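Input: a single structure, listed below in structure tokens.
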Amino acid sequence: MKVPSNVILRAKPEESVSLRPFASLRVTIVLFYFLLLTSPALGFQPSAISEKPVPASLKQGIDSIIQNRCLSDAKVGIKIVSLKTGETVYERNSDDLLIPASNMKLITSAAALSKLKPNYKFKTTIAHDGTIDGSILNGNLYIKGYGDPKLVTEELLLVVREIRNSGIDEITGDIIADESFFDSERTGNGWKLNDDNSRAYNARIGALSLNFNTITVYVDSAESHRERPKVITNPPTSFVEVINKAVTNRRRVGTTITVDRVEDGGGDKIIVRGEVTTGKKRMHYYRNISNPPLYTATVFKEFLEREGIAIKGNIKTGVQPEGTEEFLDHESVPLSIIVRDLNKISNNFIAEQILKTMGAEIKGAPGTTEKGLEVVEEYLNEIAIQKGTYKIADGSGLSRLNRITPSQIVKVLSSMYDDFRFQSEYISSLSVMGVDGSLKERMNGSESQEMVRGKTGTLDGVSAISGYAASPSIKNGGGGDLRGEIFAFSIIMNDFRCNVGKVWDIQNQIISVLTESGR
């Protein structure tokens, strides 16, 4: 039997094949660049602390920037360290405990790479508790999740087609979803839901999850005035019921469409209201779903039926019993690739899935937030950040209960930079200034573009950016280039009163001082 890239048939392990993973990311060039950048042969590993004084212009420049009225009542913490010499280039309230927002992901991803290792793969298994008689499976089919944060529609279709290719065309029992690898807590500690309860950025956590536990809602205007716009969900599934109360209007007064997700028993309702102008370009909205295992199992059953496999039973949740025969094992792409989505696009769901997976793998199933945080604390202790000097509540930074110092974040950045085992994977997971991820639109076209790799963090009244910055090369007397310095930096701002865009401008100015310092 031919097997796709990341599927293993348990019945005949000798037939296991490793092909190219679905939707793999081309990171070879990026990794090579950072290996070259940090090669010991080029002298870029940290050395003894230099006695060279920090230029007054650099200190004065940053001090001047911080005096902006926007930050007059704000809490501002900054730490900048040269990774070439080990000296502290600049610090301001660097040991103050502040809300880091999504800068928390820098710690979660560092702990995950350190504890789970870059090649760790998440799995999803298929098993049955009956007998196979020709093309008929007499029994129940179990789909069990082990925390895979990147099980998406295309991956699930690979699993379904393997079942079809095995020759099964009828299942007499139920489709049973098993999420026992995690506990049943769906949200992180201290998350503020309220009005944002259905937003994709606080997607529910679950060991068996699909499409980041979100659904996409497309809205197309109708051709005629007062008609209902067309509403489509992706994936199309009976797990959600679409209630379309919107109308199409000829008036050019803009669009007032709202899309709400409401929990309804075992499924969800998507309610679309408001007006859309005729000829309006297709709109899309992302909403989370309330019950990850039922959502995944429902789509799984519908895909099986679409592939011509008849299901006689129902969809249920439960625990896969001992003695079941596991015949299909689907593996994710490696963790080294998954942390790129975690940090570049700041995916909260991935962070929490990884946190609970660390808890389950190292402390024992079921994985919980508390167990995951214990693993993170152990990692921090290993790099000399003592428990009790910080407070962490979740893996994503969505919680306002988190308290971290800029010095501690810089310590994590420095430790990952110094560790050859994880350095390239970690650095390449960060956004490139002016190029991609959450930094794509910042400092675009400036001297600092491509000279910074960082992670942003934003909540109401909170803005942070931490990462690595490089100063330019310097011409020496012989006409050659002397490579500049690499800095680890952390800038955290809390309780500011001004527009967040203004805060970003201030942060950009500070970073420009580094990248243009010519040290």
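By order of appearance in the structure tokens: chains A, B, ..., then residues from 1 within every chain, and ligands from 1 in the order shown.
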Would you kindly return, as number ranges by chain, each protein, DNA or RNA residue with an atom no farther than 8 Å from any atom of A:Gln320, considering only C-alpha atoms and excluding same-chain residues fewer than 4 positions away? A: 142, 144, 176, 178, 324
I'd like the contact shell of A:Ile511 - 8 Å cut-off, only C-alpha atoms, skipping same-chain residues fewer than 4 positions apart - returned as JSON, numbers by chain. {"A": [448, 469, 507, 515]}
Preceding selection exported with N, CA and C atoms as a PDB file, in the first residue's frame:
ATOM      1  N   SER A 448      16.891  50.100   8.714  1.00  0.00           N
ATOM      2  CA  SER A 448      16.758  48.973   9.644  1.00  0.00           C
ATOM      3  C   SER A 448      16.075  47.765   9.034  1.00  0.00           C
ATOM      4  N   ALA A 469      18.969  42.705  16.826  1.00  0.00           N
ATOM      5  CA  ALA A 469      19.233  43.782  15.870  1.00  0.00           C
ATOM      6  C   ALA A 469      20.710  43.791  15.539  1.00  0.00           C
ATOM      7  N   GLN A 507       9.303  53.011  19.468  1.00  0.00           N
ATOM      8  CA  GLN A 507      10.095  51.781  19.483  1.00  0.00           C
ATOM      9  C   GLN A 507      10.979  51.690  18.235  1.00  0.00           C
ATOM     10  N   THR A 515      20.599  49.929  15.036  1.00  0.00           N
ATOM     11  CA  THR A 515      21.017  49.441  13.711  1.00  0.00           C
ATOM     12  C   THR A 515      21.888  50.449  12.967  1.00  0.00           C
TER      13      THR A 515
END
Spatial neighbours of A:Ile205, 10 Å, only C-alpha atoms, chain gap at least 5 places, as a list of chain:residue names: A:Gly147, A:Pro149, A:Phe182, A:Asp183, A:Ser184, A:Glu185, A:Arg186, A:Thr187, A:Gly188, A:Phe212, A:Asn213, A:Ser290, A:Asn291, A:Pro292, A:Asn348, A:Phe349, A:Ile350, A:Ala351, A:Glu352, A:Gln353, A:Lys356
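Distance annotation: of A:Thr255, A:Tyr285, A:Ile492, A:Val435, the residue with the minimal separation from A:Ile232 is A:Tyr285; atom set is only C-alpha atoms.
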Enumerate, as a list in words, the complete set of residues in stretch 192-235 of chain A that a backbone-based DSSP assignment places in strand (DSSP E). Thr214, Ile215, Thr216, Val217, Tyr218, Val219, Asp220, Lys230, Val231, Ile232, Thr233 and Asn234 of chain A
Dump of N, CA, C and O atoms for the selected residues, as a JSON list (two decimals), in the first residue's frame:
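part35.json written:
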[["chain", "number", "residue", "atom", "x", "y", "z"],
["A", 214, "THR", "N", -10.89, 27.14, 14.33],
["A", 214, "THR", "CA", -11.62, 28.29, 13.77],
["A", 214, "THR", "C", -12.36, 27.85, 12.51],
["A", 214, "THR", "O", -12.10, 26.78, 11.96],
["A", 215, "ILE", "N", -13.26, 28.70, 12.08],
["A", 215, "ILE", "CA", -13.96, 28.49, 10.81],
["A", 215, "ILE", "C", -13.98, 29.82, 10.08],
["A", 215, "ILE", "O", -14.05, 30.89, 10.70],
["A", 216, "THR", "N", -13.85, 29.77, 8.75],
["A", 216, "THR", "CA", -13.86, 30.98, 7.94],
["A", 216, "THR", "C", -15.25, 31.19, 7.37],
["A", 216, "THR", "O", -15.87, 30.27, 6.84],
["A", 217, "VAL", "N", -15.75, 32.43, 7.50],
["A", 217, "VAL", "CA", -17.07, 32.79, 6.98],
["A", 217, "VAL", "C", -16.88, 33.79, 5.84],
["A", 217, "VAL", "O", -16.30, 34.87, 6.03],
["A", 218, "TYR", "N", -17.33, 33.43, 4.63],
["A", 218, "TYR", "CA", -17.24, 34.32, 3.47],
["A", 218, "TYR", "C", -18.61, 34.95, 3.21],
["A", 218, "TYR", "O", -19.64, 34.27, 3.27],
["A", 219, "VAL", "N", -18.59, 36.25, 2.92],
["A", 219, "VAL", "CA", -19.83, 36.98, 2.62],
["A", 219, "VAL", "C", -19.68, 37.65, 1.26],
["A", 219, "VAL", "O", -18.77, 38.46, 1.05],
["A", 220, "ASP", "N", -20.58, 37.30, 0.31],
["A", 220, "ASP", "CA", -20.60, 37.89, -1.03],
["A", 220, "ASP", "C", -21.91, 38.66, -1.20],
["A", 220, "ASP", "O", -23.00, 38.13, -0.93],
["A", 230, "LYS", "N", -24.68, 36.17, -0.14],
["A", 230, "LYS", "CA", -24.35, 34.76, -0.06],
["A", 230, "LYS", "C", -23.35, 34.54, 1.06],
["A", 230, "LYS", "O", -22.34, 35.25, 1.14],
["A", 231, "VAL", "N", -23.62, 33.57, 1.93],
["A", 231, "VAL", "CA", -22.74, 33.26, 3.06],
["A", 231, "VAL", "C", -22.26, 31.82, 2.94],
["A", 231, "VAL", "O", -23.07, 30.90, 2.80],
["A", 232, "ILE", "N", -20.96, 31.64, 2.96],
["A", 232, "ILE", "CA", -20.35, 30.32, 2.83],
["A", 232, "ILE", "C", -19.35, 30.13, 3.96],
["A", 232, "ILE", "O", -18.65, 31.07, 4.35],
["A", 233, "THR", "N", -19.28, 28.93, 4.50],
["A", 233, "THR", "CA", -18.27, 28.63, 5.51],
["A", 233, "THR", "C", -17.22, 27.68, 4.94],
["A", 233, "THR", "O", -17.51, 26.87, 4.06],
["A", 234, "ASN", "N", -16.02, 27.79, 5.45],
["A", 234, "ASN", "CA", -14.93, 26.89, 5.07],
["A", 234, "ASN", "C", -14.24, 26.39, 6.33],
["A", 234, "ASN", "O", -13.71, 27.19, 7.09]]
Excluding stretch 407-411 of chain A and its own-chain neighbours fewer than 4 positions away, which residues fall within 7 Å of it when counting only C-alpha atoms? Please give them as a PyMOL selection string. chain A and resi 79+94-95+385+415+488-490
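Take atom CA of A:Phe420 and atom CA of A:Ala110: the distance between them is 12.9 Å.
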Using only C-alpha atoms, the residue out of A:Glu374, A:Asp418, A:Asp505, A:Asp174 with shortest distance to A:Gly130 is A:Asp174
Write down as a PyMOL selection string the residues belonging to stretch 41-175 of chain A that are assigned helix (DSSP H, G or I) by DSSP computed on the backbone. chain A and resi 41-42+56-66+69-71+101-115+153-165
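Comparing the minimum interatomic distances between A:Val452 and each of A:Glu179, A:Glu485, A:Glu302, A:Glu155, counting only C-alpha atoms, we find that A:Glu485 sits nearest.
Between A:Phe239 and the residues A:Ala222, A:Leu208, A:Val262, A:Leu71, the shortest atom-to-atom distance, using only C-alpha atoms, involves A:Val262.
For the choices A:Ser221, A:Asn249, A:Asp129, A:Ile309, the atom-to-atom distance to A:Lys281 is smallest for A:Ser221 when using only C-alpha atoms.
Atom pair atom CA of A:Leu137 / atom CA of A:Ile171 has a distance of 4.8 Å (rounded to one decimal).
Ranking A:Ser463, A:Thr237, A:Asn202, A:Ser180 by their shortest atom-to-atom distance to A:Ile143, with only C-alpha atoms included, puts A:Ser180 first.
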Please identify all polymer residues within 7 Å of A:Asn244, counting only C-alpha atoms, omitting same-chain residues fewer than 4 positions from it, and present them as a ChimeraX atom specification. /A:271-273
